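A.B. asks: My structure is in upload17.cif, and what it holds is mmCIF, C-alpha atoms and all ligand atoms:
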data_work
loop_
_atom_site.label_atom_id
_atom_site.label_comp_id
_atom_site.auth_asym_id
_atom_site.auth_seq_id
_atom_site.Cartn_x
_atom_site.Cartn_y
_atom_site.Cartn_z
CA MET A 1 110.66 86.30 68.27
CA GLN A 2 111.95 88.00 65.11
CA ARG A 3 115.68 88.77 65.34
CA LEU A 4 116.52 92.48 65.23
CA ARG A 5 119.07 94.11 62.93
CA VAL A 6 121.61 96.19 64.81
CA GLY A 7 124.03 98.90 63.72
CA ILE A 8 127.01 99.99 65.83
CA LEU A 9 128.05 103.65 65.62
CA GLY A 10 131.66 104.28 66.63
CA ALA A 11 132.26 100.56 66.07
CA THR A 12 136.05 101.01 65.83
CA GLY A 13 136.42 102.62 69.29
CA ALA A 14 136.96 101.05 72.72
CA VAL A 15 133.23 100.95 73.47
CA GLY A 16 132.27 100.04 69.90
CA GLN A 17 134.52 97.00 70.08
CA GLN A 18 132.84 95.87 73.28
CA PHE A 19 129.50 96.06 71.44
CA VAL A 20 130.93 93.86 68.67
CA ARG A 21 132.31 91.38 71.20
CA LEU A 22 129.22 91.25 73.46
CA LEU A 23 126.77 90.95 70.56
CA GLU A 24 128.52 87.92 69.04
CA ARG A 25 125.94 85.12 69.22
CA HIS A 26 123.39 87.36 70.96
CA PRO A 27 120.08 85.47 71.01
CA TRP A 28 117.98 88.47 69.82
CA PHE A 29 120.29 90.82 67.89
CA ASP A 30 122.37 90.53 64.69
CA VAL A 31 125.06 93.12 63.93
CA THR A 32 124.43 94.02 60.30
CA ALA A 33 126.12 97.44 60.05
CA VAL A 34 129.20 99.11 61.53
CA ALA A 35 129.82 102.86 61.28
CA ALA A 36 132.65 105.18 62.29
CA SER A 37 134.36 108.32 60.98
CA ALA A 38 135.25 109.11 57.37
CA ARG A 39 138.76 107.89 58.24
CA SER A 40 137.45 104.33 58.62
CA ALA A 41 134.60 104.39 56.08
CA GLY A 42 135.02 102.17 53.02
CA ARG A 43 137.39 99.75 54.75
CA ARG A 44 136.62 96.25 56.00
CA TYR A 45 136.03 96.29 59.75
CA ARG A 46 139.04 94.02 60.37
CA ASP A 47 141.29 96.52 58.54
CA ALA A 48 139.80 99.69 60.02
CA VAL A 49 139.87 98.63 63.67
CA GLN A 50 142.80 98.45 66.09
CA TRP A 51 141.28 95.47 67.97
CA ILE A 52 141.91 95.74 71.72
CA SER A 53 138.90 93.80 72.96
CA GLY A 54 140.46 90.37 73.54
CA GLY A 55 139.86 87.22 71.52
CA ALA A 56 139.39 87.36 67.78
CA ILE A 57 137.16 89.77 65.88
CA PRO A 58 133.86 87.89 65.38
CA ASP A 59 133.72 86.47 61.84
CA SER A 60 130.21 87.81 61.32
CA VAL A 61 131.50 91.40 61.64
CA ALA A 62 135.13 91.22 60.49
CA ASP A 63 134.32 91.55 56.79
CA LEU A 64 131.53 94.13 57.03
CA GLU A 65 132.38 97.39 55.27
CA VAL A 66 132.53 100.33 57.66
CA VAL A 67 130.22 103.17 56.63
CA GLU A 68 130.34 106.78 57.75
CA ALA A 69 128.16 107.36 60.83
CA GLY A 70 125.10 109.38 59.88
CA GLN A 71 124.35 107.43 56.69
CA SER A 72 120.98 105.75 56.46
CA LEU A 73 121.18 102.18 57.76
CA PRO A 74 118.72 99.28 57.21
CA VAL A 75 118.57 98.42 60.91
CA ASP A 76 116.02 98.29 63.74
CA LEU A 77 118.26 99.90 66.34
CA VAL A 78 121.72 101.41 66.71
CA PHE A 79 124.10 101.27 69.61
CA SER A 80 126.26 104.37 69.78
CA GLY A 81 129.84 104.53 71.02
CA LEU A 82 130.47 107.73 69.08
CA ASP A 83 132.86 110.39 70.22
CA ALA A 84 130.87 113.08 72.03
CA SER A 85 132.11 115.75 69.60
CA VAL A 86 129.82 114.26 66.93
CA ALA A 87 127.36 112.01 68.75
CA GLY A 88 124.62 114.58 69.44
CA ALA A 89 123.52 115.46 65.89
CA ILE A 90 124.20 112.02 64.40
CA GLU A 91 122.12 110.23 67.06
CA THR A 92 119.24 112.70 66.65
CA GLY A 93 119.34 112.05 62.90
CA TYR A 94 118.79 108.31 63.38
CA ALA A 95 115.97 108.84 65.89
CA GLU A 96 114.30 111.22 63.42
CA ALA A 97 114.57 108.47 60.80
CA GLY A 98 112.60 106.11 63.07
CA VAL A 99 115.55 104.17 64.46
CA ALA A 100 115.96 103.42 68.17
CA VAL A 101 119.25 104.88 69.46
CA LEU A 102 120.92 103.42 72.56
CA SER A 103 123.76 105.80 73.36
CA ASN A 104 126.83 105.85 75.55
CA ALA A 105 127.69 109.45 74.74
CA ARG A 106 127.02 112.29 77.14
CA ASN A 107 125.25 114.59 74.67
CA HIS A 108 121.59 113.72 75.37
CA ARG A 109 121.87 112.26 78.87
CA MET A 110 120.54 115.19 80.89
CA LYS A 111 117.73 116.23 78.51
CA PRO A 112 114.41 116.12 80.40
CA ASP A 113 112.74 113.75 77.90
CA VAL A 114 115.67 111.33 77.56
CA PRO A 115 115.85 108.29 79.86
CA LEU A 116 119.20 107.90 81.61
CA LEU A 117 118.67 104.25 82.23
CA ILE A 118 120.02 101.46 84.42
CA PRO A 119 117.41 98.71 84.05
CA GLU A 120 117.73 97.42 87.62
CA VAL A 121 117.52 100.94 89.08
CA ASN A 122 115.00 103.01 87.12
CA PRO A 123 113.26 100.86 84.47
CA ASP A 124 110.13 103.03 84.74
CA HIS A 125 112.06 106.04 83.35
CA ALA A 126 111.71 104.35 79.92
CA GLY A 127 108.27 106.01 79.95
CA LEU A 128 110.01 109.28 79.00
CA ILE A 129 110.32 107.87 75.47
CA ASP A 130 106.60 108.55 74.97
CA ARG A 131 107.34 112.28 75.35
CA GLN A 132 110.10 112.46 72.72
CA GLY A 133 107.97 112.94 69.62
CA PHE A 134 110.16 111.08 67.15
CA PRO A 135 108.48 109.12 64.32
CA PRO A 136 107.39 105.55 65.16
CA GLY A 137 110.37 103.45 66.24
CA GLY A 138 112.57 106.53 66.78
CA MET A 139 113.90 107.20 70.28
CA ILE A 140 117.03 108.17 72.18
CA VAL A 141 117.89 106.28 75.36
CA THR A 142 121.19 106.80 77.15
CA ASN A 143 123.26 105.00 79.72
CA PRO A 144 125.22 106.87 82.36
CA ASN A 145 128.83 107.90 82.59
CA CYS A 146 130.91 104.83 83.40
CA ALA A 147 131.97 106.05 86.87
CA THR A 148 128.40 107.05 87.72
CA VAL A 149 127.08 103.52 87.14
CA GLY A 150 128.96 101.74 89.95
CA LEU A 151 128.11 104.46 92.45
CA VAL A 152 124.40 104.53 91.55
CA CYS A 153 124.02 100.75 91.68
CA ALA A 154 125.47 100.75 95.21
CA LEU A 155 123.33 103.72 96.29
CA LYS A 156 120.01 102.40 94.98
CA PRO A 157 119.28 99.94 97.84
CA LEU A 158 120.25 102.65 100.37
CA VAL A 159 117.99 105.24 98.75
CA ASP A 160 115.10 102.77 98.92
CA ALA A 161 115.78 101.64 102.51
CA PHE A 162 116.99 104.80 104.30
CA GLY A 163 117.11 107.72 101.88
CA VAL A 164 120.41 109.32 100.83
CA GLU A 165 121.14 113.01 101.40
CA THR A 166 124.86 113.49 100.80
CA VAL A 167 127.60 111.59 99.00
CA GLN A 168 131.30 112.33 98.95
CA VAL A 169 132.95 110.07 96.36
CA THR A 170 136.50 109.59 95.10
CA THR A 171 136.92 107.54 91.93
CA MET A 172 139.93 105.62 90.65
CA GLN A 173 139.27 105.14 86.95
CA ALA A 174 140.85 102.73 84.47
CA VAL A 175 142.68 103.84 81.33
CA SER A 176 140.20 102.07 79.03
CA GLY A 177 137.71 104.72 80.15
CA ALA A 178 139.61 107.22 78.03
CA GLY A 179 139.05 105.26 74.81
CA TYR A 180 141.74 104.25 72.33
CA PRO A 181 144.60 105.27 72.15
CA GLY A 182 143.59 107.25 75.23
CA VAL A 183 146.05 108.49 77.86
CA PRO A 184 149.73 108.48 76.75
CA SER A 185 151.67 105.71 78.51
CA LEU A 186 154.32 108.18 79.74
CA ASP A 187 151.59 110.10 81.56
CA ILE A 188 149.92 107.15 83.32
CA LEU A 189 152.48 104.36 83.94
CA GLY A 190 153.52 104.44 87.60
CA ASN A 191 151.34 107.49 88.10
CA VAL A 192 147.94 108.87 89.11
CA ILE A 193 146.34 111.79 87.29
CA PRO A 194 143.98 113.72 89.61
CA PHE A 195 141.86 115.14 86.79
CA ILE A 196 139.48 113.74 84.14
CA GLY A 197 137.93 116.51 82.06
CA GLY A 198 134.20 116.95 82.68
CA GLU A 199 133.96 113.79 84.79
CA GLU A 200 133.24 115.26 88.22
CA ALA A 201 130.27 117.27 86.95
CA LYS A 202 128.78 114.09 85.44
CA VAL A 203 129.25 112.05 88.62
CA GLU A 204 127.68 114.88 90.64
CA THR A 205 124.55 115.30 88.46
CA GLU A 206 123.71 112.03 86.70
CA PRO A 207 122.98 110.02 89.90
CA LEU A 208 120.33 112.52 90.93
CA LYS A 209 118.43 112.07 87.66
CA ILE A 210 118.76 108.26 87.67
CA LEU A 211 117.65 107.98 91.30
CA GLY A 212 114.89 110.55 90.77
CA ARG A 213 111.15 109.89 90.73
CA PHE A 214 109.25 109.63 87.42
CA ASP A 215 105.59 110.62 87.75
CA GLY A 216 104.60 109.70 84.20
CA GLU A 217 105.55 113.11 82.85
CA VAL A 218 108.82 114.35 84.36
CA VAL A 219 111.68 113.05 86.45
CA THR A 220 112.13 114.91 89.73
CA PRO A 221 115.80 114.50 90.69
CA LEU A 222 116.73 112.93 94.01
CA ASP A 223 117.08 115.69 96.59
CA ALA A 224 120.71 115.01 97.52
CA ARG A 225 124.16 116.50 97.06
CA VAL A 226 127.13 114.67 95.55
CA SER A 227 130.75 115.82 95.71
CA ALA A 228 133.10 113.91 93.37
CA GLN A 229 136.87 113.75 92.92
CA CYS A 230 137.92 111.73 89.87
CA ASN A 231 141.36 110.21 89.26
CA ARG A 232 142.85 108.28 86.35
CA VAL A 233 144.91 105.34 87.60
CA PRO A 234 147.09 102.77 85.80
CA VAL A 235 144.45 100.04 85.74
CA LEU A 236 143.29 98.46 82.48
CA ASP A 237 139.57 97.94 83.16
CA GLY A 238 137.40 98.74 86.17
CA HIS A 239 136.44 101.97 87.89
CA LEU A 240 136.54 101.95 91.69
CA ALA A 241 134.41 104.45 93.63
CA SER A 242 135.12 105.06 97.31
CA ALA A 243 132.14 106.81 98.87
CA SER A 244 131.04 108.32 102.19
CA ILE A 245 127.27 108.56 102.40
CA GLY A 246 124.92 110.61 104.56
CA LEU A 247 121.64 108.70 104.96
CA GLY A 248 118.13 110.08 105.35
CA ARG A 249 117.71 108.18 108.59
CA ARG A 250 120.20 106.48 110.91
CA ALA A 251 121.18 102.90 110.13
CA THR A 252 123.75 100.51 111.51
CA VAL A 253 126.40 98.94 109.30
CA ALA A 254 124.56 95.63 109.67
CA GLU A 255 121.35 97.24 108.41
CA VAL A 256 123.18 98.78 105.44
CA LEU A 257 124.74 95.43 104.57
CA ALA A 258 121.36 93.77 104.88
CA ALA A 259 119.75 96.35 102.58
CA LEU A 260 122.47 95.86 99.95
CA ARG A 261 122.06 92.08 100.13
CA ALA A 262 118.25 92.15 100.14
CA PHE A 263 117.94 94.33 97.04
CA ARG A 264 115.99 92.38 94.47
CA SER A 265 116.58 93.21 90.81
CA PRO A 266 113.31 94.03 89.03
CA LEU A 267 114.73 92.12 86.05
CA HIS A 268 114.86 88.90 88.04
CA ASP A 269 112.16 86.99 86.17
CA LEU A 270 112.28 88.73 82.79
CA GLY A 271 114.78 86.47 81.06
CA LEU A 272 116.85 89.33 79.59
CA PRO A 273 119.95 87.72 78.06
CA SER A 274 122.48 90.26 79.44
CA ALA A 275 121.07 90.58 82.96
CA PRO A 276 123.61 89.12 85.38
CA GLU A 277 122.53 86.48 87.84
CA ARG A 278 123.64 88.83 90.63
CA PHE A 279 123.17 92.60 90.21
CA LEU A 280 125.33 93.38 93.29
CA ASP A 281 128.05 91.21 94.74
CA VAL A 282 128.52 92.31 98.37
CA THR A 283 131.64 91.20 100.21
CA GLU A 284 132.83 91.63 103.79
CA ASP A 285 136.42 90.69 102.94
CA ASP A 286 138.32 93.93 103.64
CA ARG A 287 140.72 93.36 100.73
CA TYR A 288 137.95 93.47 98.11
CA PRO A 289 136.69 94.50 95.59
CA GLN A 290 139.77 94.89 93.38
CA PRO A 291 139.71 95.67 89.65
CA ARG A 292 142.03 92.87 88.58
CA ARG A 293 140.20 90.23 90.60
CA HIS A 294 136.56 91.25 90.32
CA VAL A 295 136.01 93.36 87.23
CA ASP A 296 134.66 90.42 85.22
CA ALA A 297 132.09 89.35 87.83
CA GLY A 298 128.87 88.38 86.07
CA GLY A 299 130.55 88.78 82.70
CA GLY A 300 131.35 92.39 83.62
CA MET A 301 127.69 93.16 84.43
CA THR A 302 127.79 92.62 88.22
CA VAL A 303 128.77 95.59 90.40
CA SER A 304 130.98 94.55 93.34
CA VAL A 305 130.53 96.33 96.68
CA GLY A 306 132.73 96.07 99.75
CA ARG A 307 134.36 97.90 102.69
CA VAL A 308 130.95 98.74 104.13
CA ARG A 309 131.71 100.47 107.41
CA ALA A 310 130.73 103.37 109.61
CA CYS A 311 131.85 106.89 108.66
CA PRO A 312 132.87 109.33 111.43
CA VAL A 313 131.84 112.32 109.28
CA LEU A 314 128.77 111.11 107.37
CA ASP A 315 126.97 107.81 108.15
CA VAL A 316 128.45 104.97 106.16
CA ARG A 317 131.33 104.28 103.77
CA LEU A 318 131.68 101.74 100.96
CA VAL A 319 133.64 100.91 97.82
CA ALA A 320 131.98 99.98 94.51
CA LEU A 321 133.65 98.49 91.44
CA VAL A 322 132.19 98.54 87.91
CA HIS A 323 133.53 97.25 84.59
CA ASN A 324 133.62 100.56 82.76
CA THR A 325 133.34 99.34 79.17
CA VAL A 326 130.85 96.52 79.93
CA ARG A 327 128.29 97.46 82.64
CA GLY A 328 129.51 101.07 82.39
CA ALA A 329 129.09 101.26 78.60
CA ALA A 330 128.33 98.61 75.96
CA GLY A 331 126.85 95.94 78.24
CA GLY A 332 124.66 98.54 79.95
CA ALA A 333 123.33 99.79 76.60
CA ILE A 334 122.62 96.24 75.42
CA LEU A 335 120.69 95.53 78.63
CA ASN A 336 118.75 98.77 78.08
CA ALA A 337 117.82 97.57 74.59
CA GLU A 338 116.74 94.19 75.93
CA LEU A 339 114.49 95.86 78.49
CA LEU A 340 112.92 98.03 75.77
CA VAL A 341 112.34 95.00 73.54
CA HIS A 342 110.73 93.26 76.51
CA GLN A 343 108.51 96.32 77.10
CA GLY A 344 107.51 96.27 73.40
CA ARG A 345 109.08 99.68 72.78
CA ILE A 346 111.70 98.41 70.30
CA ARG A 347 110.40 96.21 67.49
CA ALA A 348 111.48 95.14 64.01
CA ARG A 349 110.89 97.89 61.46
CA ASN A 350 109.60 97.00 57.98
CA GLN A 351 112.12 94.63 56.55
CA PRO A 352 112.66 94.20 52.80
P1 LIG B 1 137.11 106.00 71.22
O1 LIG B 1 137.85 104.74 71.48
O2 LIG B 1 137.90 107.25 71.00
O3 LIG B 1 136.15 105.76 69.93
C1 LIG B 1 135.44 106.81 69.32
C2 LIG B 1 134.63 106.31 68.13
O4 LIG B 1 133.99 107.45 67.52
C3 LIG B 1 135.48 105.66 67.03
O5 LIG B 1 134.75 104.60 66.43
C4 LIG B 1 135.65 106.79 66.01
O6 LIG B 1 135.82 106.33 64.66
C5 LIG B 1 134.31 107.50 66.13
N1 LIG B 1 134.43 108.89 65.68
C6 LIG B 1 135.35 109.82 66.07
N2 LIG B 1 135.18 110.97 65.36
C7 LIG B 1 134.12 110.74 64.53
C8 LIG B 1 133.48 111.53 63.52
N3 LIG B 1 133.86 112.79 63.25
N4 LIG B 1 132.43 110.99 62.84
C9 LIG B 1 132.04 109.71 63.09
N5 LIG B 1 132.63 108.90 64.01
C10 LIG B 1 133.66 109.42 64.72
O7 LIG B 1 136.11 106.35 72.41
P2 LIG B 1 135.35 105.34 73.45
O8 LIG B 1 136.08 105.23 74.71
O9 LIG B 1 134.97 104.10 72.70
O10 LIG B 1 134.05 106.20 73.81
C11 LIG B 1 132.97 106.31 72.90
C12 LIG B 1 131.84 107.11 73.55
O11 LIG B 1 131.38 106.38 74.70
C13 LIG B 1 132.27 108.48 74.06
O12 LIG B 1 131.21 109.38 73.88
C14 LIG B 1 132.58 108.23 75.54
O13 LIG B 1 132.47 109.39 76.31
C15 LIG B 1 131.53 107.19 75.89
N6 LIG B 1 131.85 106.28 76.99
C16 LIG B 1 133.05 105.65 77.09
C17 LIG B 1 133.30 104.77 78.14
C18 LIG B 1 134.59 104.03 78.30
O14 LIG B 1 134.78 103.37 79.37
N7 LIG B 1 135.54 104.06 77.36
C19 LIG B 1 132.27 104.49 79.06
C20 LIG B 1 131.05 105.14 78.93
C21 LIG B 1 130.85 106.01 77.89
P3 LIG B 1 137.28 106.26 63.95
O15 LIG B 1 137.96 105.02 64.49
O16 LIG B 1 136.93 106.13 62.51
O17 LIG B 1 138.01 107.51 64.30
#
Would you write the structure of this file as structure tokens?
Ligand code: NAP
C.D. replies:
Amino acid sequence: MQRLRVGILGATGAVGQQFVRLLERHPWFDVTAVAASARSAGRRYRDAVQWISGGAIPDSVADLEVVEAGQSLPVDLVFSGLDASVAGAIETGYAEAGVAVLSNARNHRMKPDVPLLIPEVNPDHAGLIDRQGFPPGGMIVTNPNCATVGLVCALKPLVDAFGVETVQVTTMQAVSGAGYPGVPSLDILGNVIPFIGGEEAKVETEPLKILGRFDGEVVTPLDARVSAQCNRVPVLDGHLASASIGLGRRATVAEVLAALRAFRSPLHDLGLPSAPERFLDVTEDDRYPQPRRHVDAGGGMTVSVGRVRACPVLDVRLVALVHNTVRGAAGGAILNAELLVHQGRIRARNQP
């Protein structure tokens, strides 16, 4: 297979750095361009970035010159970790130029013709790309809000097995979810902030689209109601979601556990490089999952689920943990791209 040339938009940010880290030695993709704001443009990546991603900056990227996002790039696809204040128009510009855009930003997520994709949950929603009308090769595909991802991955087996009608979820979200430099240390150390701007609306709406039914033309959202309360907590990486769930039909805790364990990832046999061996890691140890202990499960791509128990108000309760900048951002977008390459939707453009 021909290797694909990849650009990273917002490459200097918290998510952008995860793209750089995760794409080092990727078997299909080569990072050939990095883009950020005018503040970073013209500098070598190693000089423009405040590297917080662990390990060293990959040599293959460290000396690339950062360009201003929006400039034409000789690439086959771009991953976007752009700030939402600018992501919308810049991403549309690349799609109109025939480039595939895999975005983490919120701007296009809820548009009817834009897939909001988690490959193990709704791979068929990629069919929406056919309705976008961009020139050949051009498309916009998004991945969900980082807190939404863990919740949806845990809900998917329950939707399939029993139906889900109501969800009451409280999230405890890591500081890396606020980007870099993010939340001031004097606000978050030894503290909990019971507000994350715009987050609750995303957690209440995005799951319904992702878990909705695609009939080849439109996605009909899941007919359910979600109530979310989102908190920022002094954790480095890993968003924890504590949910009470009202099911479509009665089920025992044992049946719920069995459904979670029996869920078979549709990616199982596809050989996608970033697909984790285990999509869900289900534990019955009451102490788990914990961000510090389990956030890196499956290289940050496995969602950990625990505390499955009866709920005296709704039907069942559980806790889900997701690595917010890997499965919840860069890793999720890379897996989306791999699925689309596998489906033949992303290909090499004319190369010089
Ligand atoms: P971040 O650390 O603040 O990084 C933002 C990036 O956008 C930087 O590369 C920055 O470049 C660039 N940028 C800012 N203003 C720009 C402009 N006017 N023109 C071009 N580029 C500009 O934010 P982040 O946490 O990585 O988040 C990036 C996106 O992913 C956001 O839309 C966020 O909502 C979403 N997201 C984040 C997470 C997470 O866990 N952090 C998870 C899911 C989705 P400079 O360095 O040059 O300023």
A.B. asks: Report, in Å to a single decimal, how far apart atom CA of A:Asp223 and atom CA of A:Asn143 are.
C.D. replies: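 Going from atom CA of A:Asn143 over to atom CA of A:Asp223 covers 20.9 Å.
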A.B. asks: Measuring atom to atom with all atoms listed in the file, identify which of A:Asn324, A:Ser304, A:Asn191, A:Ser274 is nearest to ligand LIG 1 (chain B).
C.D. replies: A:Asn324
A.B. asks: What residues of the protein or nucleic acid chains come within 6 Å of ligand LIG 1 (chain B) when you use all atoms listed in the file? Reply as a VMD selection string.
C.D. replies: chain A and resid 10 to 16 36 to 37 39 to 40 69 81 to 84 86 104 to 105 145 to 146 176 to 180 324 to 325 328 to 329
A.B. asks: Give me, as a JSON list (two decimals) with C-alpha atoms, keeping the file's coordinate frame, all polymer residues having an atom no more than 8 Å from A:Asp296, counting only C-alpha atoms and skipping those fewer than 5 positions away in the same chain.
C.D. replies:
[["chain", "number", "residue", "atom", "x", "y", "z"],
["A", 301, "MET", "CA", 127.69, 93.16, 84.43],
["A", 302, "THR", "CA", 127.79, 92.62, 88.22],
["A", 323, "HIS", "CA", 133.53, 97.25, 84.59]]
A.B. asks: Could you check which of A:Leu22, A:Val121, A:Ala241, A:Val159 is closest to A:Gly299, using only C-alpha atoms?
C.D. replies: A:Leu22
A.B. asks: Using all atoms listed in the file, which residue out of A:Leu64, A:Val183, A:Leu247, A:Leu211 lies closest to A:Ala35?
C.D. replies: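 Of A:Leu64, A:Val183, A:Leu247, A:Leu211, the one nearest A:Ala35 is A:Leu64, counting all atoms listed in the file.
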A.B. asks: Pick out the residues sitting within 7 Å of A:Ser103, and hand them over as a list in words; count all atoms listed in the file, and ignore anything fewer than 3 positions along from it in its own chain.
C.D. replies: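 The filter keeps Phe79, Ser80, Gly81, Val141, Thr142, Asn143 and Ala333 of chain A.
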A.B. asks: One number please: atom CA of A:Asp59 to atom CA of A:Gln18, in Å, one decimal.
C.D. replies: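 Computing it gives 14.8 Å between the two atoms.
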A.B. asks: From the set A:Ala56, A:Leu222, A:Val305, A:Ala62, which residue has the shortest atom-to-atom contact distance to A:Asp285, counting only C-alpha atoms?
C.D. replies: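 Closest residue, counting only C-alpha atoms: A:Val305.
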A.B. asks: Is there a way to get, as a list in words, all residues within 12 Å of the point (115.6, 89.5, 79.4) in file coordinates, counting all atoms listed in the file?
C.D. replies: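 Looking at atoms near the point gives His26, Pro27, Trp28, Pro119, Glu120, Pro266, Leu267, His268, Asp269, Leu270, Gly271, Leu272, Pro273, Ser274, Ala275, Pro276, Glu277, Ile334, Leu335, Asn336, Ala337, Glu338, Leu339, Leu340, Val341, His342 and Gln343 of chain A.
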A.B. asks: Skipping near chain neighbours, those fewer than 3 positions away, what residues fall within 10 Å of A:Gly197 using all atoms listed in the file, listed as a ChimeraX atom specification?
C.D. replies: /A:200-201,230
